[in-house]
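Q: There's a structure below that I have some questions on.
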Amino acid sequence: MKFFNFHLMPYRHADLDAIAKNGSAWVTLSNRHYDPQKGAELYHDYLDQMEFADKLGFDGVCLNEHHQTAYGMMPIPGVLAGALTRSVKRAKLAILGRALPLLNNPLMVAEEYAILDNLTRGRLIAGFVRGIGAEYHAMGINPAYSQERFAEAHDLIVRAWTEPGPFSYVGKHYQFRYVNPWPRPYQNPHPPIWIPSQGSGSTIRWAARMRYTYCQTLSPIAAVARFFQLYRDEADKAGYKASPDQLAWSNTIYVAETDETAVREARPHLEALMNYFLKMPTEMLLPPGYTDPASMKRVRAAKVTGKPQSIEDVIKAGVVIVGSPNTVREKLAEYQDLAGFNTSLTKTQFGTLPDDMTRANMTAIAEEVLPHFRDRSPQGARQEAAE
């Protein structure tokens, strides 16, 4: 199994009472609650943590994109990725991902990713997402056009990477007289494309047809297993057997000496993530037109937001893994076999977790967990096409 250190870069100094009073940490929480001095220190702490992950032996580090929220301070992930390209020496650099429908010029992502791919000499993973519903409120984009804007932007970017320019492009949402981006990607024909999603059926079907790696975001492990099975089913329809390497689970892991210690230490920080940073009304998470009714029901059933969650709740549901090294190893192996994934996108920092605890957690995972899974693939029914 591959392990990527997935960072949300939350504003961990956020006033939780203000979030509760506002009803959400997204879009409407006033930026008067952001202290630039504290924020600047957090950016440096978080970049240092990702460089530390590289030194510890994680296979990759991950950034993502969110707007107008204390949940994650990465509205422009390429800026932070650029800061890491020369200091992360070995690990893959994954942006999971850029929200294509929010852009009026997708060629800027083609250029941005190509630069990063050159700077890392081919260690970039190019993530594309539609962006969650809150993003459409923040950016003033009609969510009803989300899927078609995403598909058109994706096709244009891939064409710009693989077809020599200049050429013209005329689509429904984007028109360009000249498509001729410099530089070209370092990897041939382009960086690997990964698709994170909340579980939209249309996204899973499309990712499977394209043979892209599919990344399931925060959900109970039983739902993750169902989403991954849908991917495998769609791959069968497309005429191939999906590999576990095409499936990545975004999770949270916290390791301490004993189960009791791990739960006690992680509790306030994990419950801050679940009950404050993730909090948003359903109409903001899934605005009308954002996805089809069937997918909306499936995503709503799988999500863990919207009601108070204790650490015991999310451990029991298999949303997170918290415990001693032995407990974490046992649970992760169980979940890998159940869902059939071969990449763990692991949040080692979450919510309000401070730097010293994050680094201790990263070290424990690197020393007590990673070596046991380095050569492990899903066992049993979920090992199809493992080779």
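We label chains A, B, ... in the order they appear in the structure tokens, count residues from 1 in each chain, and number ligands from 1 in the order shown.
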Find the spatial neighbours of His154 in chain A, counting only C-alpha atoms, within a cut-off of 10 Å - ignore same-chain residues fewer than 2 positions away - and output them as a PyMOL selection string.

A: chain A and resi 100-101+106-107+109-110+128-129+148-152+156-160

Q: List the spatial neighbours of Tyr43 in chain A as a ChimeraX atom specification - criterion: any atom at most 9 Å away, only C-alpha atoms, same-chain residues fewer than 4 positions off excluded.

A: /A:9,38-39,47-48,73,80

Q: Kindly export the residues of the current selection with C-alpha atoms, as a PDB file, in the first residue's frame.

A:
```pdb
ATOM      1  CA  MET A   9      -4.295  23.125   6.295  1.00  0.00           C
ATOM      2  CA  LYS A  38      -1.254  33.285  13.357  1.00  0.00           C
ATOM      3  CA  GLY A  39      -2.136  32.260   9.813  1.00  0.00           C
ATOM      4  CA  LEU A  47       4.658  23.207   4.889  1.00  0.00           C
ATOM      5  CA  ASP A  48       7.273  22.005   7.378  1.00  0.00           C
ATOM      6  CA  MET A  73      -6.471  27.615   3.903  1.00  0.00           C
ATOM      7  CA  LEU A  80       1.725  26.002  -1.794  1.00  0.00           C
TER       8      LEU A  80
END
```

Q: Record the distance separating CA of Gln336 in chain A and CA of Phe350 in chain A, expressed in Å with one decimal.

A: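 Atom-to-atom, CA of Gln336 in chain A and CA of Phe350 in chain A are spaced 21.7 Å apart.
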
Q: Please return, as a PyMOL selection string, all residues of range 62-274 of chain A that DSSP assigns to helix (DSSP H, G or I) on the basis of the backbone.

A: chain A and resi 77-84+100-102+107-119+133-139+143-162+201-210+221-237+244-246+259-274

Q: Quick one: everything within 12 Å of range 307-309 of chain A, counting only C-alpha atoms, minus sequence neighbours fewer than 5 positions away in the same chain. Send it as a ChimeraX atom specification.

A: /A:20,23,267-268,270-282,300,314-317,319-320

Q: Which is closer to Trp26 in chain A than all the others in A:Ser219, A:Arg123, A:Leu285, A:Phe4, using only C-alpha atoms?

A: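 Of the candidates, the smallest distance to Trp26 in chain A is held by A:Leu285.
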
Q: Which polymer residues have any atom within 12 Å of an atom of Leu247 in chain A, counting only C-alpha atoms, with same-chain residues fewer than 6 positions away left out, as a ChimeraX atom specification?

A: /A:1-2,194-197,204,207-208,211-217,224-225,227-232,235,336,339-345,377-378,382-386

Q: Residues at most 8 Å from Glu111 in chain A, counting only C-alpha atoms, excluding those fewer than 5 positions away in the same chain, as a PDB file with N, CA and C atoms, in the first residue's frame?

A:
```pdb
ATOM      1  N   PRO A 181      -0.084  26.157 -24.769  1.00  0.00           N
ATOM      2  CA  PRO A 181       0.549  26.451 -23.477  1.00  0.00           C
ATOM      3  C   PRO A 181       2.019  26.053 -23.428  1.00  0.00           C
ATOM      4  N   TRP A 182       2.807  26.942 -22.867  1.00  0.00           N
ATOM      5  CA  TRP A 182       4.196  26.693 -22.510  1.00  0.00           C
ATOM      6  C   TRP A 182       4.276  26.795 -20.989  1.00  0.00           C
ATOM      7  N   PRO A 183       4.991  25.901 -20.277  1.00  0.00           N
ATOM      8  CA  PRO A 183       5.689  24.727 -20.798  1.00  0.00           C
ATOM      9  C   PRO A 183       4.739  23.560 -21.023  1.00  0.00           C
ATOM     10  N   ARG A 184       5.257  22.513 -21.638  1.00  0.00           N
ATOM     11  CA  ARG A 184       4.546  21.245 -21.722  1.00  0.00           C
ATOM     12  C   ARG A 184       4.849  20.432 -20.466  1.00  0.00           C
TER      13      ARG A 184
END
```

Q: Hey, which of A:Glu234, A:Arg98, A:Glu41, A:Ser24 ends up closest to Glu65 in chain A? Count only C-alpha atoms.

A: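 Comparing A:Glu234, A:Arg98, A:Glu41, A:Ser24 against Glu65 in chain A, the winner is A:Arg98.
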